[in-house]
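K.L.:
TSV, C-alpha atoms and all ligand atoms, saved as upload.tsv, coming up:
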```
chain	number	residue	atom	x	y	z
A	831	MET	CA	83.85	97.24	115.91
A	832	SER	CA	80.38	98.56	115.07
A	833	GLY	CA	78.12	97.55	112.22
A	834	MET	CA	75.93	95.03	114.05
A	835	GLU	CA	73.17	97.45	114.90
A	836	ALA	CA	70.66	97.04	112.05
A	837	GLU	CA	68.53	94.32	110.52
A	838	ALA	CA	70.23	91.59	108.51
A	839	PRO	CA	68.71	91.88	105.00
A	840	VAL	CA	69.62	88.52	103.44
A	841	GLY	CA	71.93	86.58	105.71
A	842	LEU	CA	74.63	88.94	106.97
A	843	LYS	CA	74.62	89.93	110.63
A	844	HIS	CA	76.12	93.33	109.79
A	845	LYS	CA	74.60	96.49	108.40
A	846	HIS	CA	77.98	97.66	107.04
A	847	LEU	CA	81.19	96.17	105.67
A	848	LEU	CA	83.85	98.07	107.61
A	849	GLY	CA	86.39	95.25	107.76
A	850	LEU	CA	86.72	91.47	108.03
A	851	GLU	CA	87.94	91.53	111.63
A	852	ASP	CA	84.41	91.13	112.97
A	853	TYR	CA	82.89	89.11	110.12
A	854	SER	CA	82.42	85.39	110.84
A	855	ALA	CA	83.63	82.52	108.68
A	856	GLN	CA	79.97	81.81	107.88
A	857	GLU	CA	79.41	85.34	106.62
A	858	ILE	CA	82.60	85.22	104.54
A	859	HIS	CA	81.53	81.93	102.94
A	860	LEU	CA	78.08	83.39	102.26
A	861	ILE	CA	79.67	86.32	100.39
A	862	LEU	CA	81.93	83.97	98.41
A	863	ASP	CA	79.07	81.59	97.55
A	864	THR	CA	76.94	84.54	96.42
A	865	ALA	CA	79.85	85.88	94.35
A	866	GLU	CA	80.06	82.50	92.57
A	867	SER	CA	76.51	82.95	91.29
A	868	PHE	CA	77.29	86.51	90.17
A	869	LEU	CA	80.31	85.18	88.24
A	870	ASP	CA	77.78	83.17	86.21
A	871	VAL	CA	75.80	86.38	85.55
A	872	LEU	CA	79.01	88.04	84.32
A	873	GLU	CA	79.46	85.27	81.73
A	874	ARG	CA	76.03	85.95	80.15
A	875	PRO	CA	75.62	88.04	76.99
A	876	ILE	CA	73.53	90.50	79.04
A	877	LYS	CA	75.53	90.95	82.25
A	878	LYS	CA	72.86	92.76	84.21
A	879	VAL	CA	70.19	91.83	86.77
A	880	PRO	CA	67.46	94.08	88.23
A	881	THR	CA	68.31	93.20	91.86
A	882	LEU	CA	69.13	96.70	93.15
A	883	ARG	CA	66.78	98.72	90.96
A	884	GLY	CA	65.79	101.87	92.89
A	885	ILE	CA	68.88	101.77	95.14
A	886	THR	CA	71.39	104.64	94.99
A	887	VAL	CA	75.06	104.13	95.82
A	888	VAL	CA	77.62	106.93	96.12
A	889	ASN	CA	81.28	106.06	95.49
A	890	LEU	CA	83.20	108.45	97.72
A	891	PHE	CA	86.89	108.23	96.81
A	892	PHE	CA	89.31	110.49	98.66
A	893	GLU	CA	92.35	108.50	97.43
A	894	ASN	CA	93.38	107.34	93.97
A	895	SER	CA	92.04	104.05	92.72
A	896	THR	CA	91.74	102.20	89.43
A	897	ARG	CA	90.58	98.66	90.25
A	898	THR	CA	88.38	99.22	93.31
A	899	ARG	CA	86.55	102.29	92.00
A	900	ILE	CA	85.81	100.85	88.56
A	901	SER	CA	84.98	97.44	90.01
A	902	PHE	CA	82.45	98.89	92.49
A	903	GLU	CA	80.90	101.08	89.80
A	904	MET	CA	80.64	98.13	87.45
A	905	ALA	CA	79.15	95.93	90.20
A	906	GLU	CA	76.55	98.61	91.00
A	907	LYS	CA	75.61	98.99	87.32
A	908	ARG	CA	75.43	95.19	86.81
A	909	LEU	CA	72.91	95.12	89.71
A	910	SER	CA	70.89	98.02	88.17
A	911	ALA	CA	71.61	100.40	91.08
A	912	ASP	CA	71.93	104.14	90.41
A	913	THR	CA	75.54	105.17	90.99
A	914	VAL	CA	77.11	108.55	91.66
A	915	ASN	CA	80.87	109.06	91.69
A	916	PHE	CA	82.53	111.57	93.98
A	917	SER	CA	86.09	112.71	93.42
A	918	ALA	CA	87.73	114.62	96.28
A	919	SER	CA	89.92	116.69	93.96
A	920	SER	CA	86.91	118.38	92.31
A	921	SER	CA	84.70	118.60	95.40
A	922	SER	CA	84.03	121.19	98.11
A	923	THR	CA	86.39	119.35	100.47
A	924	GLN	CA	88.97	121.53	98.65
A	925	LYS	CA	87.18	124.53	100.24
A	926	GLY	CA	87.49	123.10	103.74
A	927	GLU	CA	84.29	121.05	104.08
A	928	THR	CA	84.65	118.20	106.59
A	929	LEU	CA	84.05	114.54	105.84
A	930	ARG	CA	81.02	114.54	108.16
A	931	ASP	CA	79.46	117.55	106.38
A	932	THR	CA	80.27	116.25	102.92
A	933	ALA	CA	78.69	112.90	103.72
A	934	ALA	CA	75.65	114.38	105.48
A	935	ASN	CA	74.95	116.61	102.48
A	936	ILE	CA	75.19	113.67	100.10
A	937	GLU	CA	72.90	111.61	102.34
A	938	ALA	CA	70.36	114.45	102.36
A	939	MET	CA	69.92	113.73	98.64
A	940	LYS	CA	68.33	110.37	99.61
A	941	ILE	CA	70.93	107.69	99.04
A	942	ASP	CA	71.14	104.13	100.34
A	943	ALA	CA	74.85	103.36	100.54
A	944	VAL	CA	78.31	104.90	100.51
A	945	VAL	CA	81.38	103.09	99.23
A	946	MET	CA	84.34	105.01	100.64
A	947	ARG	CA	88.10	105.04	100.21
A	948	HIS	CA	89.96	107.39	102.54
A	949	SER	CA	93.52	107.78	103.78
A	950	ALA	CA	92.46	107.83	107.45
A	951	PRO	CA	92.23	104.47	109.26
A	952	GLY	CA	88.83	104.25	110.95
A	953	SER	CA	87.18	106.78	108.62
A	954	CYS	CA	84.54	104.25	107.49
A	955	LEU	CA	83.66	103.42	111.10
A	956	PHE	CA	83.39	107.17	111.76
A	957	LEU	CA	81.06	107.58	108.78
A	958	SER	CA	78.89	104.67	109.91
A	959	ARG	CA	78.29	106.55	113.16
A	960	CYS	CA	77.32	109.79	111.35
A	961	LEU	CA	75.00	108.43	108.64
A	962	ASP	CA	72.01	106.09	108.31
A	963	SER	CA	73.30	104.75	104.99
A	964	VAL	CA	75.06	101.42	104.54
A	965	ILE	CA	78.85	101.99	104.55
A	966	ILE	CA	81.24	99.81	102.56
A	967	ASN	CA	84.95	100.20	103.15
A	968	ALA	CA	86.93	100.46	99.89
A	969	GLY	CA	90.21	100.94	101.82
A	970	ASP	CA	90.80	103.13	104.88
A	971	GLY	CA	94.46	104.03	105.33
A	972	ALA	CA	96.51	101.08	106.55
A	973	HIS	CA	93.50	99.62	108.42
A	974	GLU	CA	91.46	97.32	106.13
A	975	HIS	CA	90.47	96.71	102.50
A	976	PRO	CA	87.85	94.01	103.00
A	977	THR	CA	86.58	93.57	99.44
A	978	GLN	CA	90.18	93.08	98.23
A	979	ALA	CA	90.65	90.25	100.74
A	980	LEU	CA	87.28	88.74	99.78
A	981	LEU	CA	88.21	88.72	96.09
A	982	ASP	CA	91.58	87.19	97.03
A	983	LEU	CA	89.74	84.47	98.98
A	984	LEU	CA	87.37	83.81	96.08
A	985	THR	CA	90.30	83.54	93.66
A	986	LEU	CA	92.10	81.07	95.94
A	987	ARG	CA	88.96	79.05	96.67
A	988	ARG	CA	88.25	78.70	92.95
A	989	ARG	CA	91.85	77.58	92.31
A	990	LEU	CA	92.53	75.42	95.36
A	991	GLY	CA	89.15	74.35	96.74
A	992	SER	CA	89.18	74.36	100.55
A	993	LEU	CA	91.73	76.77	102.02
A	994	GLU	CA	92.01	74.76	105.24
A	995	GLY	CA	95.73	74.48	106.07
A	996	LYS	CA	96.88	76.22	102.87
A	997	ARG	CA	100.03	78.30	103.50
A	998	VAL	CA	99.54	81.83	102.18
A	999	THR	CA	102.47	84.26	102.51
A	1000	LEU	CA	102.06	88.02	102.24
A	1001	VAL	CA	105.37	89.37	100.93
A	1002	GLY	CA	106.48	92.99	101.11
A	1003	ASP	CA	105.27	96.11	102.87
A	1004	ILE	CA	103.09	94.55	105.57
A	1005	LEU	CA	103.31	97.57	107.88
A	1006	HIS	CA	101.48	99.98	105.56
A	1007	SER	CA	99.13	97.46	103.96
A	1008	ARG	CA	95.36	97.42	104.54
A	1009	VAL	CA	95.29	94.45	102.14
A	1010	ALA	CA	97.56	92.53	104.52
A	1011	MET	CA	95.32	93.17	107.53
A	1012	SER	CA	92.11	92.14	105.75
A	1013	ASN	CA	93.84	89.08	104.28
A	1014	ILE	CA	95.12	88.01	107.69
A	1015	TYR	CA	91.62	88.21	109.22
A	1016	GLY	CA	89.86	86.62	106.23
A	1017	LEU	CA	92.32	83.83	105.54
A	1018	GLN	CA	92.53	82.75	109.17
A	1019	LYS	CA	88.74	82.60	109.43
A	1020	VAL	CA	88.56	80.16	106.53
A	1021	GLY	CA	91.31	77.99	108.02
A	1022	ALA	CA	94.40	79.03	106.03
A	1023	LYS	CA	97.85	79.38	107.61
A	1024	VAL	CA	98.96	82.99	107.18
A	1025	GLN	CA	102.64	83.90	106.93
A	1026	VAL	CA	104.38	87.19	106.20
A	1027	CYS	CA	107.79	88.05	104.77
A	1028	GLY	CA	109.53	91.39	104.40
A	1029	PRO	CA	112.29	93.60	105.71
A	1030	ALA	CA	112.07	94.02	109.49
A	1031	PRO	CA	111.09	97.73	109.33
A	1032	LEU	CA	108.10	96.83	107.12
A	1033	VAL	CA	106.78	94.01	109.34
A	1034	PRO	CA	104.70	95.24	112.30
A	1035	ARG	CA	106.15	94.39	115.71
A	1036	HIS	CA	104.15	91.70	117.53
A	1037	ILE	CA	102.43	90.53	114.32
A	1038	GLN	CA	103.01	86.98	115.66
A	1039	ASP	CA	100.38	87.81	118.29
A	1040	LEU	CA	97.82	87.56	115.45
A	1041	GLY	CA	98.89	83.93	114.90
A	1042	VAL	CA	101.00	84.83	111.85
A	1043	GLU	CA	104.40	83.21	111.14
A	1044	VAL	CA	107.18	85.56	110.00
A	1045	PHE	CA	109.89	84.76	107.44
A	1046	TRP	CA	112.79	87.17	107.09
A	1047	ASN	CA	114.18	85.40	104.02
A	1048	VAL	CA	112.07	85.38	100.85
A	1049	GLU	CA	113.55	82.13	99.54
A	1050	GLU	CA	112.63	80.33	102.76
A	1051	ALA	CA	109.15	81.86	102.49
A	1052	ILE	CA	108.78	80.60	98.91
A	1053	GLU	CA	109.85	77.08	99.93
A	1054	ASN	CA	107.18	77.01	102.63
A	1055	SER	CA	104.22	78.48	100.72
A	1056	ASP	CA	101.31	77.35	98.57
A	1057	VAL	CA	100.52	80.96	97.65
A	1058	LEU	CA	102.50	84.21	97.59
A	1059	ASN	CA	100.45	87.40	97.80
A	1060	VAL	CA	102.98	90.06	96.78
A	1061	LEU	CA	102.33	93.54	98.14
A	1062	ARG	CA	103.41	96.87	96.72
A	1063	ILE	CA	105.94	99.01	98.57
A	1064	GLN	CA	103.65	101.90	99.60
A	1065	LEU	CA	106.14	104.73	99.37
A	1066	GLU	CA	103.32	107.29	99.67
A	1067	ARG	CA	102.71	106.10	103.27
A	1068	HIS	CA	106.39	105.95	104.31
A	1069	ASN	CA	107.58	108.76	106.56
A	1070	ALA	CA	111.10	107.33	106.87
A	1071	HIS	CA	113.55	105.25	104.80
A	1072	HIS	CA	112.76	101.60	105.51
A	1073	PHE	CA	115.41	100.21	103.11
A	1074	PRO	CA	118.29	101.78	101.18
A	1075	SER	CA	116.77	101.78	97.66
A	1076	LEU	CA	114.11	100.07	95.54
A	1077	ARG	CA	116.87	98.26	93.63
A	1078	GLU	CA	118.22	96.79	96.85
A	1079	TYR	CA	114.68	95.89	98.00
A	1080	HIS	CA	114.22	93.98	94.74
A	1081	GLU	CA	117.54	92.20	95.16
A	1082	GLU	CA	116.68	91.03	98.68
A	1083	PHE	CA	112.89	90.51	98.61
A	1084	GLY	CA	111.76	90.69	94.96
A	1085	VAL	CA	109.72	87.72	93.72
A	1086	THR	CA	111.71	86.72	90.65
A	1087	ALA	CA	111.47	83.82	88.18
A	1088	ASP	CA	114.89	82.62	89.27
A	1089	ARG	CA	113.83	82.46	92.93
A	1090	LEU	CA	110.60	80.67	92.04
A	1091	ASP	CA	112.43	78.19	89.75
A	1092	ARG	CA	114.83	77.31	92.56
A	1093	HIS	CA	112.50	77.32	95.56
A	1094	ALA	CA	108.79	77.07	94.66
A	1095	SER	CA	106.60	74.01	94.23
A	1096	ASP	CA	105.20	73.61	90.70
A	1097	GLU	CA	101.73	74.48	92.01
A	1098	LEU	CA	102.62	77.70	93.85
A	1099	LEU	CA	100.30	80.59	92.90
A	1100	VAL	CA	101.33	84.25	92.75
A	1101	MET	CA	98.83	86.98	93.62
A	1102	HIS	CA	99.10	90.76	93.73
A	1103	PRO	CA	96.33	93.22	94.62
A	1104	GLY	CA	97.68	95.84	92.20
A	1105	PRO	CA	98.87	98.32	91.27
A	1106	ILE	CA	102.04	96.39	90.39
A	1107	ASN	CA	105.46	97.98	90.46
A	1108	ARG	CA	107.18	95.72	87.95
A	1109	GLY	CA	110.84	95.16	88.80
A	1110	VAL	CA	110.38	96.20	92.44
A	1111	GLU	CA	108.30	93.75	94.51
A	1112	ILE	CA	107.62	91.43	91.55
A	1113	ALA	CA	109.53	90.71	88.35
A	1114	SER	CA	107.66	91.40	85.16
A	1115	ASP	CA	107.93	87.82	83.87
A	1116	VAL	CA	106.48	86.48	87.15
A	1117	ALA	CA	103.50	88.87	86.97
A	1118	ASP	CA	102.76	87.60	83.45
A	1119	SER	CA	103.55	83.92	84.12
A	1120	GLY	CA	101.28	80.88	84.36
A	1121	ARG	CA	101.57	81.02	88.16
A	1122	SER	CA	100.04	84.49	88.25
A	1123	VAL	CA	96.33	84.86	89.08
A	1124	ILE	CA	96.50	88.67	89.15
A	1125	LEU	CA	93.92	89.32	86.44
A	1126	GLU	CA	91.64	86.57	87.78
A	1127	GLN	CA	91.63	88.54	91.04
A	1128	VAL	CA	90.39	91.59	89.14
A	1129	THR	CA	87.63	89.64	87.38
A	1130	ASN	CA	86.52	88.06	90.65
A	1131	GLY	CA	86.47	91.51	92.27
A	1132	VAL	CA	83.38	92.58	90.33
A	1133	ALA	CA	81.46	89.48	91.43
A	1134	VAL	CA	82.57	89.86	95.05
A	1135	ARG	CA	81.45	93.50	95.11
A	1136	MET	CA	78.12	92.52	93.53
A	1137	ALA	CA	77.71	89.96	96.32
A	1138	VAL	CA	78.52	92.47	99.06
A	1139	LEU	CA	76.16	95.08	97.61
A	1140	TYR	CA	73.40	92.50	97.17
A	1141	LEU	CA	73.76	91.04	100.67
A	1142	LEU	CA	73.88	94.46	102.37
A	1143	LEU	CA	71.28	96.24	100.22
A	1144	GLY	CA	69.07	93.51	98.75
A	1145	GLY	CA	66.63	93.74	101.64
A	1146	LYS	CA	66.07	97.45	101.02
A	1147	THR	CA	64.53	96.86	97.61
A	1148	ARG	CA	61.77	94.82	99.28
A	1149	GLU	CA	60.97	97.78	101.56
A	1150	HIS	CA	60.27	100.06	98.59
A	1201	LIG	N1	93.87	96.77	94.70
A	1201	LIG	C1	93.47	98.06	94.77
A	1201	LIG	O1	92.87	98.52	95.76
A	1201	LIG	O2	93.75	98.79	93.65
A	1201	LIG	P1	93.30	100.30	93.41
A	1201	LIG	O3	94.10	101.16	94.38
A	1201	LIG	O4	93.62	100.60	91.98
A	1201	LIG	O5	91.84	100.39	93.71
```
Can the structure from this file be put into structure tokens for me?
Ligand code: CP

P.N.:
Amino acid sequence: MSGMEAEAPVGLKHKHLLGLEDYSAQEIHLILDTAESFLDVLERPIKKVPTLRGITVVNLFFENSTRTRISFEMAEKRLSADTVNFSASSSSTQKGETLRDTAANIEAMKIDAVVMRHSAPGSCLFLSRCLDSVIINAGDGAHEHPTQALLDLLTLRRRLGSLEGKRVTLVGDILHSRVAMSNIYGLQKVGAKVQVCGPAPLVPRHIQDLGVEVFWNVEEAIENSDVLNVLRIQLERHNAHHFPSLREYHEEFGVTADRLDRHASDELLVMHPGPINRGVEIASDVADSGRSVILEQVTNGVAVRMAVLYLLLGGKTREH
């Protein structure tokens, strides 16, 4: 994948963050280490540093988002960058303007970076070839969601220390999940053992070729995991029935307190990228239990996005 073409501002080899597939373990650890120091900033009474003063970031969201959009905007503001939010529903894309033209017009207003969420896999790579700006992928279809995986890694590293050999199981709709792909790449690079579990129609064929173990039974998966990362059933991306009903999905694959009581180790952690569908992929009492690190993931997301913005854009402030 592209992204290697420009100067490395402060330690990353890439100009963009399009995905974790081509990021090295060293780069991932650099982002996580940098995020740790931004977590300290976020604990201060004044949670703001002047690091990206003079930098302008446009948040270009063509798909709905709560966590990622607010988290990026907050990270940009905490770093003193100027931020502009774009919403597809109120933009001229409704009048037929293409992504390339929309982005080129925004770039003509002198910006430094675009954070984009789009339903098309590869749209961030496409944008990186059209623009001079730094491109950060906030989720492109079922391809990748790299900052989600980075915040998942930070959350696990803070809880477990080294992730070497830790068994992390992604449970649910693997086929339609950009979070799954970025987690597989990221976790493997830091030495974790990645496993998946879900109904056969929602597990990509040949996923074992990525070095991933597959469980078809959720109780067996729970018994053999240190961490469950529970994924939402992405009905909006389904173009066929992959299981009879949500109730039956929950009965067969739902992560419930009863299943955890019977099969999990006391230390097993439960993650979820959100949004949660309580009572479908995860029982409400599990989402709110002591095993759950779901809100820690959200907190860590701001620091991870500050780290990514700083590492990709920090060098630009010195050019000004
Ligand atoms: N985890 C995640 O990407 O959530 P949003 O869709 O709310 O951004």

K.L.:
Find the residues of chain A that sit at most 10 Å from ligand LIG 1201 (chain A); for each, write down the nearest two atoms and how far apart they are in Å, to one decimal. Count only C-alpha atoms and all ligand atoms. Sort by chain, then by number going up, and give it as CSV.

P.N.:
```
residue,atom,partner,partner_atom,distance
A:Phe891,CA,A:LIG1201,O5,9.8
A:Glu893,CA,A:LIG1201,O3,8.1
A:Asn894,CA,A:LIG1201,O3,6.2
A:Ser895,CA,A:LIG1201,O5,3.8
A:Thr896,CA,A:LIG1201,O4,3.5
A:Arg897,CA,A:LIG1201,O4,4.0
A:Thr898,CA,A:LIG1201,O5,3.7
A:Arg899,CA,A:LIG1201,O5,5.9
A:Ile900,CA,A:LIG1201,O5,7.9
A:Ser901,CA,A:LIG1201,O5,8.3
A:Phe902,CA,A:LIG1201,O5,9.6
A:Arg947,CA,A:LIG1201,O5,8.8
A:Ala968,CA,A:LIG1201,O1,7.5
A:Gly969,CA,A:LIG1201,O1,7.0
A:His975,CA,A:LIG1201,O1,7.4
A:Pro976,CA,A:LIG1201,O1,9.9
A:Thr977,CA,A:LIG1201,O1,8.8
A:Gln978,CA,A:LIG1201,N1,6.3
A:Ala979,CA,A:LIG1201,N1,9.5
A:Leu981,CA,A:LIG1201,N1,9.9
A:Arg1008,CA,A:LIG1201,O1,9.2
A:Val1009,CA,A:LIG1201,N1,7.9
A:Leu1061,CA,A:LIG1201,N1,9.7
A:Arg1062,CA,A:LIG1201,N1,9.8
A:His1102,CA,A:LIG1201,N1,8.0
A:Pro1103,CA,A:LIG1201,N1,4.3
A:Gly1104,CA,A:LIG1201,N1,4.7
A:Pro1105,CA,A:LIG1201,O2,5.7
A:Ile1106,CA,A:LIG1201,O2,9.2
A:Gln1127,CA,A:LIG1201,N1,9.3
A:Val1128,CA,A:LIG1201,N1,8.4
A:Gly1131,CA,A:LIG1201,N1,9.4
```

K.L.:
Name the residues within 12 Å of (72.4, 98.9, 95.8), counting only C-alpha atoms in the file's coordinates, and put them as a ChimeraX atom specification.

P.N.:
/A:879-889,902-914,941-945,963-966,1135-1148

K.L.:
Could you save the residues just selected, with C-alpha atoms, as an mmCIF file, keeping the file's coordinate frame?

P.N.:
```cif
data_model
loop_
_atom_site.group_PDB
_atom_site.id
_atom_site.type_symbol
_atom_site.label_atom_id
_atom_site.label_comp_id
_atom_site.auth_asym_id
_atom_site.auth_seq_id
_atom_site.Cartn_x
_atom_site.Cartn_y
_atom_site.Cartn_z
ATOM 1 C CA VAL A 879 70.190 91.830 86.770
ATOM 2 C CA PRO A 880 67.460 94.080 88.230
ATOM 3 C CA THR A 881 68.310 93.200 91.860
ATOM 4 C CA LEU A 882 69.130 96.700 93.150
ATOM 5 C CA ARG A 883 66.780 98.720 90.960
ATOM 6 C CA GLY A 884 65.790 101.870 92.890
ATOM 7 C CA ILE A 885 68.880 101.770 95.140
ATOM 8 C CA THR A 886 71.390 104.640 94.990
ATOM 9 C CA VAL A 887 75.060 104.130 95.820
ATOM 10 C CA VAL A 888 77.620 106.930 96.120
ATOM 11 C CA ASN A 889 81.280 106.060 95.490
ATOM 12 C CA PHE A 902 82.450 98.890 92.490
ATOM 13 C CA GLU A 903 80.900 101.080 89.800
ATOM 14 C CA MET A 904 80.640 98.130 87.450
ATOM 15 C CA ALA A 905 79.150 95.930 90.200
ATOM 16 C CA GLU A 906 76.550 98.610 91.000
ATOM 17 C CA LYS A 907 75.610 98.990 87.320
ATOM 18 C CA ARG A 908 75.430 95.190 86.810
ATOM 19 C CA LEU A 909 72.910 95.120 89.710
ATOM 20 C CA SER A 910 70.890 98.020 88.170
ATOM 21 C CA ALA A 911 71.610 100.400 91.080
ATOM 22 C CA ASP A 912 71.930 104.140 90.410
ATOM 23 C CA THR A 913 75.540 105.170 90.990
ATOM 24 C CA VAL A 914 77.110 108.550 91.660
ATOM 25 C CA ILE A 941 70.930 107.690 99.040
ATOM 26 C CA ASP A 942 71.140 104.130 100.340
ATOM 27 C CA ALA A 943 74.850 103.360 100.540
ATOM 28 C CA VAL A 944 78.310 104.900 100.510
ATOM 29 C CA VAL A 945 81.380 103.090 99.230
ATOM 30 C CA SER A 963 73.300 104.750 104.990
ATOM 31 C CA VAL A 964 75.060 101.420 104.540
ATOM 32 C CA ILE A 965 78.850 101.990 104.550
ATOM 33 C CA ILE A 966 81.240 99.810 102.560
ATOM 34 C CA ARG A 1135 81.450 93.500 95.110
ATOM 35 C CA MET A 1136 78.120 92.520 93.530
ATOM 36 C CA ALA A 1137 77.710 89.960 96.320
ATOM 37 C CA VAL A 1138 78.520 92.470 99.060
ATOM 38 C CA LEU A 1139 76.160 95.080 97.610
ATOM 39 C CA TYR A 1140 73.400 92.500 97.170
ATOM 40 C CA LEU A 1141 73.760 91.040 100.670
ATOM 41 C CA LEU A 1142 73.880 94.460 102.370
ATOM 42 C CA LEU A 1143 71.280 96.240 100.220
ATOM 43 C CA GLY A 1144 69.070 93.510 98.750
ATOM 44 C CA GLY A 1145 66.630 93.740 101.640
ATOM 45 C CA LYS A 1146 66.070 97.450 101.020
ATOM 46 C CA THR A 1147 64.530 96.860 97.610
ATOM 47 C CA ARG A 1148 61.770 94.820 99.280
#
```

K.L.:
How many Å separate CA of His973 (chain A) from CA of Leu1076 (chain A)?

P.N.:
24.3 Å

K.L.:
Skipping near chain neighbours, those fewer than 5 positions away, what residues fall within 10 Å of region 1031-1034 of chain A using only C-alpha atoms, listed as a PyMOL selection string?

P.N.:
chain A and resi 1001-1007+1026+1044-1046+1063+1068+1070-1073

K.L.:
Could those residues be written to a file, using C-alpha atoms, as a short mmCIF file (atom, residue, chain, number, x, y, z; two decimals), keeping the file's coordinate frame?

P.N.:
```cif
data_model
loop_
_atom_site.label_atom_id
_atom_site.label_comp_id
_atom_site.auth_asym_id
_atom_site.auth_seq_id
_atom_site.Cartn_x
_atom_site.Cartn_y
_atom_site.Cartn_z
CA VAL A 1001 105.37 89.37 100.93
CA GLY A 1002 106.48 92.99 101.11
CA ASP A 1003 105.27 96.11 102.87
CA ILE A 1004 103.09 94.55 105.57
CA LEU A 1005 103.31 97.57 107.88
CA HIS A 1006 101.48 99.98 105.56
CA SER A 1007 99.13 97.46 103.96
CA VAL A 1026 104.38 87.19 106.20
CA VAL A 1044 107.18 85.56 110.00
CA PHE A 1045 109.89 84.76 107.44
CA TRP A 1046 112.79 87.17 107.09
CA ILE A 1063 105.94 99.01 98.57
CA HIS A 1068 106.39 105.95 104.31
CA ALA A 1070 111.10 107.33 106.87
CA HIS A 1071 113.55 105.25 104.80
CA HIS A 1072 112.76 101.60 105.51
CA PHE A 1073 115.41 100.21 103.11
#
```

K.L.:
Restricting the calculation to all atoms listed in the file, which member of A:Leu860, A:Pro875, A:Ala972, A:Phe892 is positioned closest to Thr932 (chain A)?

P.N.:
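Closest residue, counting all atoms listed in the file: A:Phe892.
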
K.L.:
Enter the distance from CA of Asp1096 (chain A) to CA of Thr999 (chain A), in Å, rounded to one decimal.

P.N.:
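Going from CA of Asp1096 (chain A) over to CA of Thr999 (chain A), I get 16.1 Å.
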